[in-house]
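Below: the structure, in structure tokens.
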Amino acid sequence: MMQQQDSLAIQLSQHYKAGSSMSRLLAEAPYFSRCSDNKTAAVIRPRQYAIKYPYMQVNQANLTSWLIFDLDHDNANIWDDKNLPEPNLIVRNRKNGHAHLYYAIVPVLTSDDARPAPIRYMKAIYAAMAKQLNADIAYSGPVAKTPGHPWWQTTEIHNKVYELGDLACFLDLEVKPFQKEPDLDSVSHSRHCMLFERVRHYAYSIAADAKSHGCFRAFKQDIEDYATGCNNFKQMGFTSDLTLAQVRSTAKSVASWTWDRYTGTGAKNRGVMQLPESLDTKTKQGIAAKRTHDLRKISTQARISAAYNNLKQAGKTTTIQQVAKTSGLTRQTVAKYKHLLTETERTSDDVISIRSLFTRNRSNVN
């Protein structure tokens, strides 16, 4: 019992460490969070108490601050294999190695009144990353493994907050083109199909303006009004019109899908690198992989130098093993950059050392 209380005390101290990803998680969580000892998370507690449970609600109902990927396999470092950015937190099941990967992002508002473009962008990025990570595509939260809880093995890699564009540059996002005119002849046998065809194409035609100047609630009402006007099937020779409930159901489905996913073009999102469409996929992947490697190399070197400096200032030993433990990197990774330890030792100004490291490597990224 005493050991369990000690573990929880350590956990709480991690969440209150200023500037850490763990403290951000606590600050961004709902004030009253769902939590429990199992995935149902049927209990509701203030967030400072919710973190004492192994499962808790991390994102607020109408605000996404974390992209969380549920790995049903034991390769928690698959992001490295796939040349994807480093997650902020890796929360592993100690028994089977399954993990949740946490990526801190600039919060995206997801309420009905929110701008749709950032939501679509975020969802496209999440879907592409989940595919690369072999994550459970059915996982949608909001409950996740609580970082820092004694049940799990938690690794905090960094405290960076990603812009969506930071993640998009590692991915190839695509959207599908859509027909411009409804094909009513092919569905003339069905009232439901005819209504769906007419309503969806009307929704496509007004989507861009609605997303720029309106909100989802107004857009949905507009679609429902149009659908009601199209419900004149008795005049067209059918035995009766559709019921009001059937019309509203179709309108709601079309409105939701169009608002979340329709872009109006078949263009690809080329990310921050803006690679030309003329390049073949293999070439683009090679360029993106090199950029990923260069960015990760800079990050790794900076982490090693920072860890060495912190150990030195604290009067602790600066062996490769100790630097690896402090930086959160593997011993093998630190060994590859052991020359940095000598370079940092010769530099009297710790800040200059890290800045010179970035300056020296920046040309490799541009």
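In the structure tokens, each chain is lettered A, B, ... as it comes, each chain's residues begin at 1, and ligands are numbered from 1 in order of appearance.
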- Task: Write down as an MDAnalysis selection string the residues of segment 130-205 of chain A whose backbone DSSP state falls under strand (DSSP E).
- Result: chainID A and resid 143:145 152:156
Could you write out the selected residues, including N, CA and C atoms, as a PDB file, in the first residue's frame?
ATOM      1  N   VAL A 143     -10.997   8.614 -24.057  1.00  0.00           N
ATOM      2  CA  VAL A 143     -10.256   8.070 -22.923  1.00  0.00           C
ATOM      3  C   VAL A 143      -8.964   7.417 -23.406  1.00  0.00           C
ATOM      4  N   ALA A 144      -7.885   7.636 -22.656  1.00  0.00           N
ATOM      5  CA  ALA A 144      -6.592   7.082 -23.034  1.00  0.00           C
ATOM      6  C   ALA A 144      -5.832   6.652 -21.781  1.00  0.00           C
ATOM      7  N   LYS A 145      -4.726   5.934 -21.999  1.00  0.00           N
ATOM      8  CA  LYS A 145      -3.852   5.572 -20.886  1.00  0.00           C
ATOM      9  C   LYS A 145      -3.294   6.847 -20.256  1.00  0.00           C
ATOM     10  N   TRP A 152       1.580   1.998 -16.160  1.00  0.00           N
ATOM     11  CA  TRP A 152       2.209   2.103 -17.476  1.00  0.00           C
ATOM     12  C   TRP A 152       3.676   2.513 -17.373  1.00  0.00           C
ATOM     13  N   GLN A 153       4.395   2.211 -18.435  1.00  0.00           N
ATOM     14  CA  GLN A 153       5.765   2.714 -18.579  1.00  0.00           C
ATOM     15  C   GLN A 153       5.692   3.962 -19.458  1.00  0.00           C
ATOM     16  N   THR A 154       5.956   5.116 -18.894  1.00  0.00           N
ATOM     17  CA  THR A 154       5.812   6.378 -19.610  1.00  0.00           C
ATOM     18  C   THR A 154       7.169   6.964 -19.953  1.00  0.00           C
ATOM     19  N   THR A 155       7.344   7.332 -21.220  1.00  0.00           N
ATOM     20  CA  THR A 155       8.564   7.991 -21.679  1.00  0.00           C
ATOM     21  C   THR A 155       8.196   9.357 -22.236  1.00  0.00           C
ATOM     22  N   GLU A 156       8.747  10.411 -21.654  1.00  0.00           N
ATOM     23  CA  GLU A 156       8.555  11.760 -22.193  1.00  0.00           C
ATOM     24  C   GLU A 156       9.775  12.107 -23.029  1.00  0.00           C
TER      25      GLU A 156
END
_Please list as a ChimeraX atom specification every residue within 8 Å of Ala203 of chain A, counting only C-alpha atoms and excluding residues in the same chain fewer than 3 positions away._
/A:199-200,206-207,223,254-255,258
Residue subset to file, keeping N, CA and C atoms, as a compact mmCIF listing (two decimals), in the first residue's frame:
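Below you can see again_19.txt, which holds the result:
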# COMPACT_ATOMS: atom_id res chain seq x y z
N VAL A 199 -29.48 16.33 -52.83
CA VAL A 199 -29.06 17.08 -51.63
C VAL A 199 -27.54 17.16 -51.53
N ARG A 200 -26.86 16.08 -51.82
CA ARG A 200 -25.41 16.11 -51.66
C ARG A 200 -24.75 17.08 -52.64
N ILE A 206 -22.61 24.79 -52.05
CA ILE A 206 -22.62 25.90 -51.10
C ILE A 206 -21.60 25.72 -49.97
N ALA A 207 -20.88 24.60 -49.98
CA ALA A 207 -19.99 24.27 -48.86
C ALA A 207 -18.90 25.31 -48.64
N ILE A 223 -29.27 22.86 -45.55
CA ILE A 223 -29.39 21.58 -46.26
C ILE A 223 -30.75 20.94 -45.98
N VAL A 254 -25.77 14.08 -44.92
CA VAL A 254 -25.08 14.80 -46.00
C VAL A 254 -24.35 16.02 -45.44
N ALA A 255 -25.02 16.77 -44.59
CA ALA A 255 -24.41 17.98 -44.03
C ALA A 255 -23.16 17.65 -43.23
N THR A 258 -20.27 16.38 -45.61
CA THR A 258 -19.75 17.45 -46.46
C THR A 258 -18.94 18.45 -45.64
*Which neighbours of Thr333 of chain A fall inside 10 Å, counting only C-alpha atoms, when residues of the same chain fewer than 5 positions from it are skipped, and could you give them as number ranges by chain?*
A: 300-301, 304, 320, 324, 338
Keeping only C-alpha atoms, write the selected residues as a tab-separated table (two decimals), in the first residue's frame.
chain	number	residue	atom	x	y	z
A	300	THR	CA	19.02	14.42	-31.25
A	301	GLN	CA	22.24	16.41	-31.10
A	304	ILE	CA	22.47	15.13	-26.10
A	320	ILE	CA	27.28	7.77	-22.22
A	324	ALA	CA	21.29	8.52	-22.52
A	338	LYS	CA	29.87	10.78	-28.49
Q. Which one of A:Ser23, A:Ser111, A:Ser190, A:Asn77 sits closest to Thr330 of chain A if you count only C-alpha atoms?
A.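 Closest residue, counting only C-alpha atoms: A:Asn77.
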One residue among A:Glu28, A:Ala114, A:Gly148, A:Asp72 is nearest to His213 of chain A when using only C-alpha atoms, and that residue is A:Ala114
Note to self: List as a list of chain:residue names the protein and nucleic acid residues near segment 50-57 of chain A, meaning an atom at most 8 Å away when only C-alpha atoms are counted, but skip any in the same chain fewer than 3 places from it.
What the structure shows: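 After dropping sequence-adjacent residues, the list is A:Leu8, A:Gln11, A:Leu12, A:Leu26, A:Ala29, A:Pro30, A:Ser33, A:Arg34, A:Cys35, A:Ser36, A:Asp37, A:Asn38, A:Lys39, A:Ala41, A:Ile44, A:Arg45, A:Pro46, A:Arg47, A:Gln60, A:Gly141, A:Pro142, A:Val143, A:Ala144, A:Lys145, A:Thr146, A:His149, A:Pro150, A:Trp151, A:Trp152.
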Writing out the chosen residues with C-alpha atoms as a JSON list (two decimals), in the first residue's frame:
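Heads up, here's the output in result.json:
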[["chain", "number", "residue", "atom", "x", "y", "z"],
["A", 8, "LEU", "CA", 1.24, 8.01, -7.12],
["A", 11, "GLN", "CA", 3.25, 10.59, -10.74],
["A", 12, "LEU", "CA", 1.71, 13.78, -9.37],
["A", 26, "LEU", "CA", -2.93, 18.25, -16.95],
["A", 29, "ALA", "CA", -7.48, 18.20, -19.84],
["A", 30, "PRO", "CA", -11.16, 18.86, -19.07],
["A", 33, "SER", "CA", -12.48, 14.40, -16.65],
["A", 34, "ARG", "CA", -13.83, 10.93, -17.19],
["A", 35, "CYS", "CA", -11.59, 8.36, -15.53],
["A", 36, "SER", "CA", -11.49, 4.89, -13.97],
["A", 37, "ASP", "CA", -9.51, 1.67, -13.59],
["A", 38, "ASN", "CA", -10.79, 0.40, -16.95],
["A", 39, "LYS", "CA", -11.46, 1.67, -20.47],
["A", 41, "ALA", "CA", -13.94, 5.55, -17.66],
["A", 44, "ILE", "CA", -16.00, 11.81, -13.40],
["A", 45, "ARG", "CA", -13.45, 13.63, -11.27],
["A", 46, "PRO", "CA", -11.59, 16.98, -11.30],
["A", 47, "ARG", "CA", -8.52, 16.56, -13.47],
["A", 60, "GLN", "CA", -11.81, 18.44, -23.92],
["A", 141, "GLY", "CA", -10.84, 8.43, -27.61],
["A", 142, "PRO", "CA", -11.65, 10.41, -25.60],
["A", 143, "VAL", "CA", -10.26, 8.07, -22.92],
["A", 144, "ALA", "CA", -6.59, 7.08, -23.03],
["A", 145, "LYS", "CA", -3.85, 5.57, -20.89],
["A", 146, "THR", "CA", -2.93, 8.17, -18.27],
["A", 149, "HIS", "CA", 0.43, 6.29, -13.93],
["A", 150, "PRO", "CA", 2.29, 3.38, -12.26],
["A", 151, "TRP", "CA", 0.40, 0.86, -14.38],
["A", 152, "TRP", "CA", 2.21, 2.10, -17.48]]
Worksheet item: Just asking: which residues within segment 39-266 of chain A are helix (DSSP H, G or I) according to DSSP, as number ranges by chain?
Response: A: 47-50, 78-81, 116-132, 164-168, 185-187, 191-213, 216-230, 244-261
So how many Å separate atom CA of Ala76 of chain A and atom CA of Gly165 of chain A, to one decimal?
->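 It comes out at 23.4 Å.
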